[in-house]
Structures are given as structure tokens and as C-alpha cells.
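Undergrad: Provided below: entry_13.txt, containing compact mmCIF, C-alpha atoms and all ligand atoms.
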# COMPACT_ATOMS: atom_id res chain seq x y z
CA MET A 1212 47.63 39.83 37.56
CA GLY A 1213 48.54 39.13 41.16
CA ARG A 1214 48.23 36.09 43.43
CA ASP A 1215 50.83 33.85 41.75
CA GLY A 1216 49.54 34.51 38.26
CA LYS A 1217 45.83 34.32 39.19
CA HIS A 1218 43.69 37.17 37.99
CA THR A 1219 42.61 39.68 40.63
CA LEU A 1220 38.92 40.55 40.24
CA VAL A 1221 38.77 44.30 39.65
CA VAL A 1222 35.61 46.01 40.89
CA GLY A 1223 35.12 49.57 39.61
CA LEU A 1224 33.29 51.70 42.17
CA THR A 1225 31.46 54.70 40.79
CA GLY A 1226 28.57 57.06 41.58
CA GLY A 1227 27.59 60.69 41.38
CA ILE A 1228 29.01 63.51 43.46
CA GLY A 1229 28.33 62.96 47.15
CA SER A 1230 26.70 59.58 46.52
CA GLY A 1231 28.88 57.92 49.16
CA LYS A 1232 31.79 56.41 47.17
CA THR A 1233 34.47 57.34 49.71
CA THR A 1234 32.37 56.09 52.62
CA VAL A 1235 31.82 52.77 50.82
CA ALA A 1236 35.48 52.51 49.78
CA ASN A 1237 36.53 53.02 53.41
CA ASP A 1238 34.24 50.16 54.46
CA PHE A 1239 35.88 47.84 51.91
CA SER A 1240 39.28 49.00 53.06
CA ALA A 1241 38.37 48.21 56.69
CA LEU A 1242 37.71 44.63 55.55
CA GLY A 1243 41.28 44.42 54.26
CA VAL A 1244 40.37 44.93 50.59
CA PRO A 1245 42.92 46.91 48.55
CA VAL A 1246 41.43 50.19 47.32
CA ILE A 1247 42.83 52.29 44.47
CA ASP A 1248 41.40 55.80 44.19
CA ALA A 1249 41.65 57.54 40.80
CA ASP A 1250 41.09 60.99 42.33
CA GLN A 1251 43.94 60.46 44.75
CA LEU A 1252 46.20 59.35 41.87
CA ALA A 1253 45.19 62.46 39.93
CA HIS A 1254 46.26 64.60 42.90
CA GLU A 1255 49.60 62.80 43.19
CA LEU A 1256 50.27 63.29 39.48
CA VAL A 1257 50.22 67.06 39.77
CA GLU A 1258 52.39 67.33 42.87
CA PRO A 1259 55.25 69.85 42.52
CA GLY A 1260 58.03 68.44 40.35
CA GLN A 1261 55.82 65.88 38.56
CA PRO A 1262 56.08 65.92 34.74
CA ALA A 1263 52.30 66.33 34.38
CA LEU A 1264 52.49 69.70 36.11
CA ASP A 1265 55.00 70.96 33.52
CA GLU A 1266 52.70 69.77 30.75
CA ILE A 1267 49.78 71.57 32.40
CA THR A 1268 51.81 74.78 32.65
CA GLY A 1269 52.60 74.38 28.94
CA VAL A 1270 48.88 74.50 28.16
CA PHE A 1271 47.52 76.85 30.86
CA GLY A 1272 50.52 79.14 31.35
CA LYS A 1273 52.40 80.07 34.51
CA SER A 1274 49.19 80.99 36.36
CA ALA A 1275 48.49 77.23 36.57
CA VAL A 1276 51.01 77.03 39.44
CA SER A 1277 50.77 78.96 42.72
CA ALA A 1278 53.76 80.60 44.40
CA ASP A 1279 54.22 77.50 46.58
CA GLY A 1280 54.70 75.29 43.49
CA HIS A 1281 51.34 73.53 43.74
CA MET A 1282 48.80 73.43 40.95
CA ASP A 1283 46.31 76.27 41.35
CA ARG A 1284 43.14 74.17 41.32
CA HIS A 1285 40.85 77.15 41.52
CA TYR A 1286 42.43 78.74 38.42
CA ILE A 1287 42.39 75.48 36.44
CA ARG A 1288 38.76 74.82 37.41
CA GLN A 1289 37.77 78.27 36.21
CA CYS A 1290 39.63 77.84 32.92
CA ILE A 1291 38.07 74.49 32.06
CA TYR A 1292 34.61 75.51 33.22
CA SER A 1293 34.33 77.98 30.38
CA ASP A 1294 36.43 76.23 27.74
CA ALA A 1295 35.67 72.68 26.61
CA GLN A 1296 38.84 72.48 24.54
CA LEU A 1297 41.04 73.29 27.52
CA LYS A 1298 39.16 70.69 29.52
CA SER A 1299 39.94 68.08 26.84
CA GLN A 1300 43.58 69.12 26.83
CA LEU A 1301 43.80 68.72 30.60
CA GLU A 1302 42.15 65.30 30.36
CA ALA A 1303 44.54 64.29 27.56
CA ILE A 1304 47.43 65.00 29.93
CA LEU A 1305 46.00 63.32 33.01
CA HIS A 1306 43.86 60.38 31.90
CA PRO A 1307 46.55 58.23 30.23
CA LYS A 1308 48.82 58.74 33.25
CA ILE A 1309 46.05 57.80 35.68
CA ARG A 1310 45.28 54.67 33.66
CA GLN A 1311 48.95 53.72 33.55
CA ARG A 1312 49.24 54.16 37.31
CA ILE A 1313 46.07 52.13 37.97
CA ARG A 1314 47.40 49.29 35.81
CA ALA A 1315 50.76 49.35 37.61
CA LEU A 1316 49.08 49.24 41.03
CA LEU A 1317 46.74 46.42 39.91
CA SER A 1318 49.67 44.29 38.79
CA ASP A 1319 51.05 44.34 42.36
CA ILE A 1320 47.86 43.32 44.16
CA GLN A 1321 47.94 40.05 46.09
CA HIS A 1322 44.29 39.76 47.01
CA PRO A 1323 41.34 37.91 45.42
CA TYR A 1324 39.68 41.17 44.48
CA CYS A 1325 40.17 44.90 44.73
CA ILE A 1326 38.17 48.11 44.48
CA VAL A 1327 39.10 50.87 42.04
CA VAL A 1328 37.22 54.10 42.74
CA ILE A 1329 36.69 55.98 39.47
CA PRO A 1330 34.05 58.69 39.94
CA LEU A 1331 33.76 59.29 36.18
CA LEU A 1332 34.15 55.64 35.16
CA LEU A 1333 31.33 55.78 32.61
CA GLU A 1334 31.76 59.37 31.47
CA THR A 1335 35.44 58.85 30.66
CA ARG A 1336 34.87 55.40 29.09
CA GLN A 1337 37.29 53.57 31.35
CA THR A 1338 35.17 50.49 31.92
CA ASP A 1339 37.77 48.34 30.15
CA LEU A 1340 39.94 48.71 33.28
CA VAL A 1341 37.46 46.80 35.44
CA ASP A 1342 35.75 43.39 35.54
CA ARG A 1343 32.59 44.54 37.33
CA ILE A 1344 30.87 47.85 37.98
CA LEU A 1345 29.60 48.69 41.45
CA VAL A 1346 27.38 51.78 41.57
CA VAL A 1347 26.59 53.74 44.71
CA ASP A 1348 23.14 55.10 44.03
CA SER A 1349 21.71 57.89 46.08
CA PRO A 1350 18.56 60.01 45.77
CA GLU A 1351 19.56 63.33 44.18
CA LYS A 1352 18.11 65.34 47.02
CA GLU A 1353 20.36 63.54 49.50
CA GLN A 1354 23.43 63.97 47.27
CA ARG A 1355 22.76 67.70 47.19
CA GLN A 1356 22.25 67.94 50.94
CA ARG A 1357 25.39 65.95 51.75
CA VAL A 1358 27.63 67.90 49.37
CA ALA A 1359 26.24 71.22 50.60
CA ALA A 1360 26.92 70.17 54.21
CA ARG A 1361 30.39 68.84 53.42
CA ASP A 1362 31.75 71.42 50.93
CA GLY A 1363 29.51 74.43 51.51
CA LEU A 1364 28.80 74.66 47.75
CA SER A 1365 25.69 76.43 46.50
CA ASP A 1366 22.84 74.32 45.21
CA ASN A 1367 23.34 75.79 41.71
CA THR A 1368 26.98 74.72 41.64
CA ILE A 1369 26.10 71.23 42.88
CA MET A 1370 23.34 70.94 40.25
CA ALA A 1371 25.77 72.04 37.50
CA ILE A 1372 28.25 69.35 38.57
CA MET A 1373 25.50 66.74 38.66
CA GLN A 1374 24.36 67.73 35.19
CA SER A 1375 27.89 67.26 33.84
CA GLN A 1376 27.87 63.68 35.18
CA ALA A 1377 26.04 60.58 33.94
CA ASP A 1378 22.46 60.44 35.20
CA ARG A 1379 21.22 57.83 37.65
CA SER A 1380 19.49 55.67 35.07
CA THR A 1381 22.61 55.52 32.86
CA ARG A 1382 24.69 54.45 35.84
CA LEU A 1383 22.18 51.88 37.02
CA ALA A 1384 21.96 50.41 33.51
CA ALA A 1385 25.73 49.87 33.52
CA ALA A 1386 25.88 48.44 37.05
CA ASP A 1387 26.61 44.81 37.89
CA ASP A 1388 25.98 45.57 41.56
CA VAL A 1389 24.32 48.49 43.31
CA ILE A 1390 24.60 49.95 46.80
CA VAL A 1391 21.61 52.13 47.57
CA ASN A 1392 22.67 54.94 49.89
CA ASP A 1393 19.37 56.30 51.11
CA SER A 1394 19.62 55.51 54.79
CA ASP A 1395 22.33 55.66 57.47
CA VAL A 1396 26.01 54.80 57.13
CA ALA A 1397 25.55 51.62 59.21
CA SER A 1398 23.30 50.20 56.47
CA LEU A 1399 26.04 50.88 53.95
CA SER A 1400 28.47 48.77 55.96
CA VAL A 1401 25.98 45.88 56.06
CA ARG A 1402 25.64 45.99 52.27
CA VAL A 1403 29.41 46.20 51.86
CA GLN A 1404 29.78 43.05 54.00
CA GLU A 1405 27.33 41.22 51.70
CA LEU A 1406 29.14 42.32 48.57
CA HIS A 1407 32.47 41.40 50.13
CA GLN A 1408 31.27 37.80 50.55
CA HIS A 1409 29.94 37.82 47.00
CA TYR A 1410 33.18 39.13 45.47
CA MET A 1411 35.30 36.68 47.46
CA GLU A 1412 33.16 33.82 46.11
CA ILE A 1413 33.30 35.05 42.52
CA ALA A 1414 37.03 35.65 42.77
CA TYR A 1415 37.71 32.14 44.06
CA ASP A 1416 35.49 30.57 41.38
CA ASN A 1417 37.64 32.15 38.67
P1 LIG A 1501 32.49 62.96 46.02
O1 LIG A 1501 31.93 62.50 44.71
O2 LIG A 1501 32.18 64.38 46.23
O3 LIG A 1501 33.93 62.62 46.22
P2 LIG A 1501 31.56 60.64 47.51
O4 LIG A 1501 30.68 59.96 46.52
O5 LIG A 1501 32.91 60.06 47.75
O6 LIG A 1501 31.66 62.20 47.19
P3 LIG A 1501 31.22 60.63 50.37
O7 LIG A 1501 32.36 61.59 50.56
O8 LIG A 1501 31.40 59.22 50.79
O9 LIG A 1501 30.71 60.69 48.85
O10 LIG A 1501 29.88 61.19 51.06
C1 LIG A 1501 29.54 62.57 50.94
C2 LIG A 1501 29.26 63.14 52.34
O11 LIG A 1501 28.06 62.57 52.82
C3 LIG A 1501 30.34 62.82 53.35
O12 LIG A 1501 30.44 63.89 54.24
C4 LIG A 1501 29.80 61.55 54.05
O13 LIG A 1501 30.27 61.43 55.36
C5 LIG A 1501 28.29 61.82 54.02
N1 LIG A 1501 27.47 60.59 53.89
C6 LIG A 1501 27.56 59.65 52.94
N2 LIG A 1501 26.62 58.71 53.09
C7 LIG A 1501 25.90 59.07 54.18
C8 LIG A 1501 24.77 58.50 54.88
N3 LIG A 1501 24.20 57.39 54.47
N4 LIG A 1501 24.31 59.17 55.96
C9 LIG A 1501 24.89 60.32 56.37
N5 LIG A 1501 25.95 60.91 55.77
C10 LIG A 1501 26.45 60.29 54.69
Written as C-alpha cells, that's how I'd like the structure from this file.
Ligand code: ATP

TA:
Amino acid sequence: MGRDGKHTLVVGLTGGIGSGKTTVANDFSALGVPVIDADQLAHELVEPGQPALDEITGVFGKSAVSADGHMDRHYIRQCIYSDAQLKSQLEAILHPKIRQRIRALLSDIQHPYCIVVIPLLLETRQTDLVDRILVVDSPEKEQRQRVAARDGLSDNTIMAIMQSQADRSTRLAAADDVIVNDSDVASLSVRVQELHQHYMEIAYDN
């Protein structure tokens, strides 16, 4: 709820690794649309001194925290890569807290609609948090090229990440709206403008 008791339309933005979610989210943000980013919330939750970090240390041991008090992401990534049970335990710590935080932020929004970026929206069954699903769809070859250029990851690593995520057809089947990211960033902005108009209209009709 926001806007004097009127419901704020919640648009869940999702897409595969390197599909262009952040680029699209920044375009919405530039139009004055509130953007909530689940990855950013996840980072904030494990800042030094946060209760989640103690819980993580309880599961992963002291090696989960570096000397500077920050979570050792490299260590955690390695642990969960080879152990599905540890991965579930980490998710059991983080996911309810992320959901709680998203709900709290949504209740404060004073705008007809907002964007919630949840990269694993479908995989983690969080669609109940959103009213509509907006998918950024990108040809796999381009995803791989962009992530390689941005993060310097090997193609094998990128492929392994992509295989752990929902495939394109699953995402497209769940989508209410799609942004195809197969051209330049200027075309993305044009499509974001169109969707902005659309969401404003839908939001005001409700
Ligand atoms: P991740 O899932 O890894 O967080 P993402 O879906 O948020 O990625 P972005 O970070 O928006 O994707 O895009 C990945 C990279 O590709 C970035 O460096 C971005 O600037 C670049 N990029 C995205 N779309 C385009 C495009 N249409 N043309 C050129 N570069 C692009």
C-alpha cells in the first residue's frame, strides 16, 4: 500500500545473467520510478554487524567472515557450489529477510507503480510479491559476451550459471511484458518509455 491507501502496482523485473536488468532498472529510475533491487538488499543484509552474518557464520564457520569483518563471498560461493544443502541453508537465512525488507520498502512507496528487480524471481518462487512480471530477454550469445566483457568470467563459468537459472522459454512463458535486449542500449530506453506509459495507465485504472 502507498498513495493514501491506493495499491501501488508492483512490477517484478527479472531475466538471466547479463540480460540487461540493471540497465533497464536504471532507465526506469531515470524516469522517477522507485526501484527496489533484491541483490542490493541481499548485500546490505550481510554487512558487518547484521544478524544474518552471525547466522551465516553459525552454518559456515568462522571462515565465512574475512579479517575486515565482511562476508567472504568467494569462500561462501565455493562452499555452496559443491553442496546443495549448504546452498539451501544460506537461502533459508537470506530469502525470508529479503522478502521482509521488500515488503517494508513497498509499504512506503508513494508512486503509482514501482519496479522490484529480482534476478531469480521464478527460480525462488517469489512471484507472489509482484503484480506483473517484466522479463528482459536477451539472446544467450549476447548474454555470454556481455558478462565475459564485464566480469572477465570464463565461458564455462557463465554457462554453468546460466544452466542453474530458468531457461528463456520458461521466463517468457511467465512474462506479462517483455523487453528484448538484442540491440543497443538506446533501444532499451525507448521500450522502457513505452512500458512506463503502459504501467502508469494500468496503475491509474486500478
Ligand atoms: P546480472 O544478472 O549479471 O546482474 P544484468 O541483467 O543486470 O546482469 P546488466 O548489468 O544491465 O545486466 O548488463 C550486463 C552488461 O552488458 C553491462 O556491462 C551492460 O552495460 C551491458 N549491456 C546491457 N545491454 C546492452 C546493450 N544492449 N548493448 C551493449 N551493452 C549492453

Undergrad: Name all residues at most 12 Å from Ser1380 of chain A (count only C-alpha atoms; drop same-chain ones fewer than 5 positions away) and give them as a ChimeraX atom specification.

TA: /A:1226-1227,1346,1348-1351,1385-1386,1389

Undergrad: Find the residues around Leu1242 of chain A up to 9 Å (all atoms listed in the file counted), leave out those fewer than 4 positions away in its own chain, and share them as a ChimeraX atom specification.

TA: /A:1237-1238,1404,1407

Undergrad: So which residues are near ligand LIG 1501 (chain A), meaning at most 12 Å away with all atoms listed in the file counted, given back as a PDB file with C-alpha atoms, in the coordinates of the input?

TA:
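This is the output file selection28.pdb:
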ATOM      1  CA  LEU A1224      33.290  51.700  42.170  1.00  0.00           C
ATOM      2  CA  THR A1225      31.460  54.700  40.790  1.00  0.00           C
ATOM      3  CA  GLY A1226      28.570  57.060  41.580  1.00  0.00           C
ATOM      4  CA  GLY A1227      27.590  60.690  41.380  1.00  0.00           C
ATOM      5  CA  ILE A1228      29.010  63.510  43.460  1.00  0.00           C
ATOM      6  CA  GLY A1229      28.330  62.960  47.150  1.00  0.00           C
ATOM      7  CA  SER A1230      26.700  59.580  46.520  1.00  0.00           C
ATOM      8  CA  GLY A1231      28.880  57.920  49.160  1.00  0.00           C
ATOM      9  CA  LYS A1232      31.790  56.410  47.170  1.00  0.00           C
ATOM     10  CA  THR A1233      34.470  57.340  49.710  1.00  0.00           C
ATOM     11  CA  THR A1234      32.370  56.090  52.620  1.00  0.00           C
ATOM     12  CA  VAL A1235      31.820  52.770  50.820  1.00  0.00           C
ATOM     13  CA  ALA A1236      35.480  52.510  49.780  1.00  0.00           C
ATOM     14  CA  ASN A1237      36.530  53.020  53.410  1.00  0.00           C
ATOM     15  CA  ASP A1238      34.240  50.160  54.460  1.00  0.00           C
ATOM     16  CA  ASP A1248      41.400  55.800  44.190  1.00  0.00           C
ATOM     17  CA  ALA A1249      41.650  57.540  40.800  1.00  0.00           C
ATOM     18  CA  ASP A1250      41.090  60.990  42.330  1.00  0.00           C
ATOM     19  CA  GLN A1251      43.940  60.460  44.750  1.00  0.00           C
ATOM     20  CA  VAL A1328      37.220  54.100  42.740  1.00  0.00           C
ATOM     21  CA  ILE A1329      36.690  55.980  39.470  1.00  0.00           C
ATOM     22  CA  PRO A1330      34.050  58.690  39.940  1.00  0.00           C
ATOM     23  CA  LEU A1331      33.760  59.290  36.180  1.00  0.00           C
ATOM     24  CA  LEU A1332      34.150  55.640  35.160  1.00  0.00           C
ATOM     25  CA  VAL A1346      27.380  51.780  41.570  1.00  0.00           C
ATOM     26  CA  VAL A1347      26.590  53.740  44.710  1.00  0.00           C
ATOM     27  CA  ASP A1348      23.140  55.100  44.030  1.00  0.00           C
ATOM     28  CA  SER A1349      21.710  57.890  46.080  1.00  0.00           C
ATOM     29  CA  PRO A1350      18.560  60.010  45.770  1.00  0.00           C
ATOM     30  CA  GLU A1351      19.560  63.330  44.180  1.00  0.00           C
ATOM     31  CA  LYS A1352      18.110  65.340  47.020  1.00  0.00           C
ATOM     32  CA  GLU A1353      20.360  63.540  49.500  1.00  0.00           C
ATOM     33  CA  GLN A1354      23.430  63.970  47.270  1.00  0.00           C
ATOM     34  CA  ARG A1355      22.760  67.700  47.190  1.00  0.00           C
ATOM     35  CA  GLN A1356      22.250  67.940  50.940  1.00  0.00           C
ATOM     36  CA  ARG A1357      25.390  65.950  51.750  1.00  0.00           C
ATOM     37  CA  VAL A1358      27.630  67.900  49.370  1.00  0.00           C
ATOM     38  CA  ALA A1359      26.240  71.220  50.600  1.00  0.00           C
ATOM     39  CA  ALA A1360      26.920  70.170  54.210  1.00  0.00           C
ATOM     40  CA  ARG A1361      30.390  68.840  53.420  1.00  0.00           C
ATOM     41  CA  ASP A1362      31.750  71.420  50.930  1.00  0.00           C
ATOM     42  CA  GLY A1363      29.510  74.430  51.510  1.00  0.00           C
ATOM     43  CA  LEU A1364      28.800  74.660  47.750  1.00  0.00           C
ATOM     44  CA  ILE A1369      26.100  71.230  42.880  1.00  0.00           C
ATOM     45  CA  ILE A1372      28.250  69.350  38.570  1.00  0.00           C
ATOM     46  CA  MET A1373      25.500  66.740  38.660  1.00  0.00           C
ATOM     47  CA  GLN A1376      27.870  63.680  35.180  1.00  0.00           C
ATOM     48  CA  ILE A1390      24.600  49.950  46.800  1.00  0.00           C
ATOM     49  CA  VAL A1391      21.610  52.130  47.570  1.00  0.00           C
ATOM     50  CA  ASN A1392      22.670  54.940  49.890  1.00  0.00           C
ATOM     51  CA  ASP A1393      19.370  56.300  51.110  1.00  0.00           C
ATOM     52  CA  SER A1394      19.620  55.510  54.790  1.00  0.00           C
ATOM     53  CA  ASP A1395      22.330  55.660  57.470  1.00  0.00           C
ATOM     54  CA  VAL A1396      26.010  54.800  57.130  1.00  0.00           C
ATOM     55  CA  ALA A1397      25.550  51.620  59.210  1.00  0.00           C
ATOM     56  CA  SER A1398      23.300  50.200  56.470  1.00  0.00           C
ATOM     57  CA  LEU A1399      26.040  50.880  53.950  1.00  0.00           C
ATOM     58  CA  SER A1400      28.470  48.770  55.960  1.00  0.00           C
ATOM     59  CA  VAL A1401      25.980  45.880  56.060  1.00  0.00           C
ATOM     60  CA  ARG A1402      25.640  45.990  52.270  1.00  0.00           C
TER      61      ARG A1402
END

Undergrad: Expressed in Å to a single decimal, how great is the separation between atom CA of Glu1258 of chain A and atom CA of Gln1300 of chain A?

TA: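 Atom CA of Glu1258 of chain A sits 18.4 Å away from atom CA of Gln1300 of chain A.
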
Undergrad: Identify which of the residues A:Pro1323, A:Gly1243, A:Gly1223, A:Gly1260 lies closest to Asp1416 of chain A, counting all atoms listed in the file when measuring atom-to-atom distances.

TA: A:Pro1323

Undergrad: For each of A:Asp1378, A:Asp1387, A:Glu1255, A:Asp1279, take the minimum atom-to-atom distance to Val1341 of chain A, counting all atoms listed in the file, then give the residue where this is smallest.

TA: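 Selected residue with least distance to Val1341 of chain A: A:Asp1387.
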
Undergrad: Determine, counting only C-alpha atoms, which protein, DNA and RNA residues have an atom within 10 Å of an atom of Ala1275 of chain A; residues of the same chain fewer than 2 positions away are not included. Present the result as a list in words.

TA: Leu1264, Asp1265, Ile1267, Thr1268, Gly1269, Val1270, Phe1271, Gly1272, Lys1273, Ser1277, Gly1280, His1281, Met1282, Asp1283, Arg1284, His1285, Tyr1286, Ile1287 and Cys1290 of chain A

Undergrad: Between atom CA of Pro1245 of chain A and atom CA of Thr1338 of chain A, what is the distance, to one decimal in Å?

TA: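 So the two atoms, atom CA of Pro1245 of chain A and atom CA of Thr1338 of chain A, lie 18.7 Å apart.
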
Undergrad: Take atom CA of Val1257 of chain A and atom CA of Gln1296 of chain A and report the distance between them in Å, one decimal.

TA: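 Interatomic distance here is 19.8 Å.
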
Undergrad: My list of candidates is A:Glu1405, A:Ser1274, A:Thr1368, A:His1306. Which is closest to Arg1336 of chain A when distances are computed with all atoms listed in the file?

TA: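 Selected residue with least distance to Arg1336 of chain A: A:His1306.
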
Undergrad: For Ser1318 of chain A, which residue among A:His1218, A:Lys1298, A:Arg1382, A:Arg1343 is the nearest when counting only C-alpha atoms?

TA: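 The shortest atom-to-atom distance to Ser1318 of chain A comes from A:His1218.
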
Undergrad: Counting all atoms listed in the file, figure out which residue out of A:Leu1252, A:Ala1377, A:Val1221, A:Ile1247 gets nearest to Glu1334 of chain A.

TA: A:Ala1377
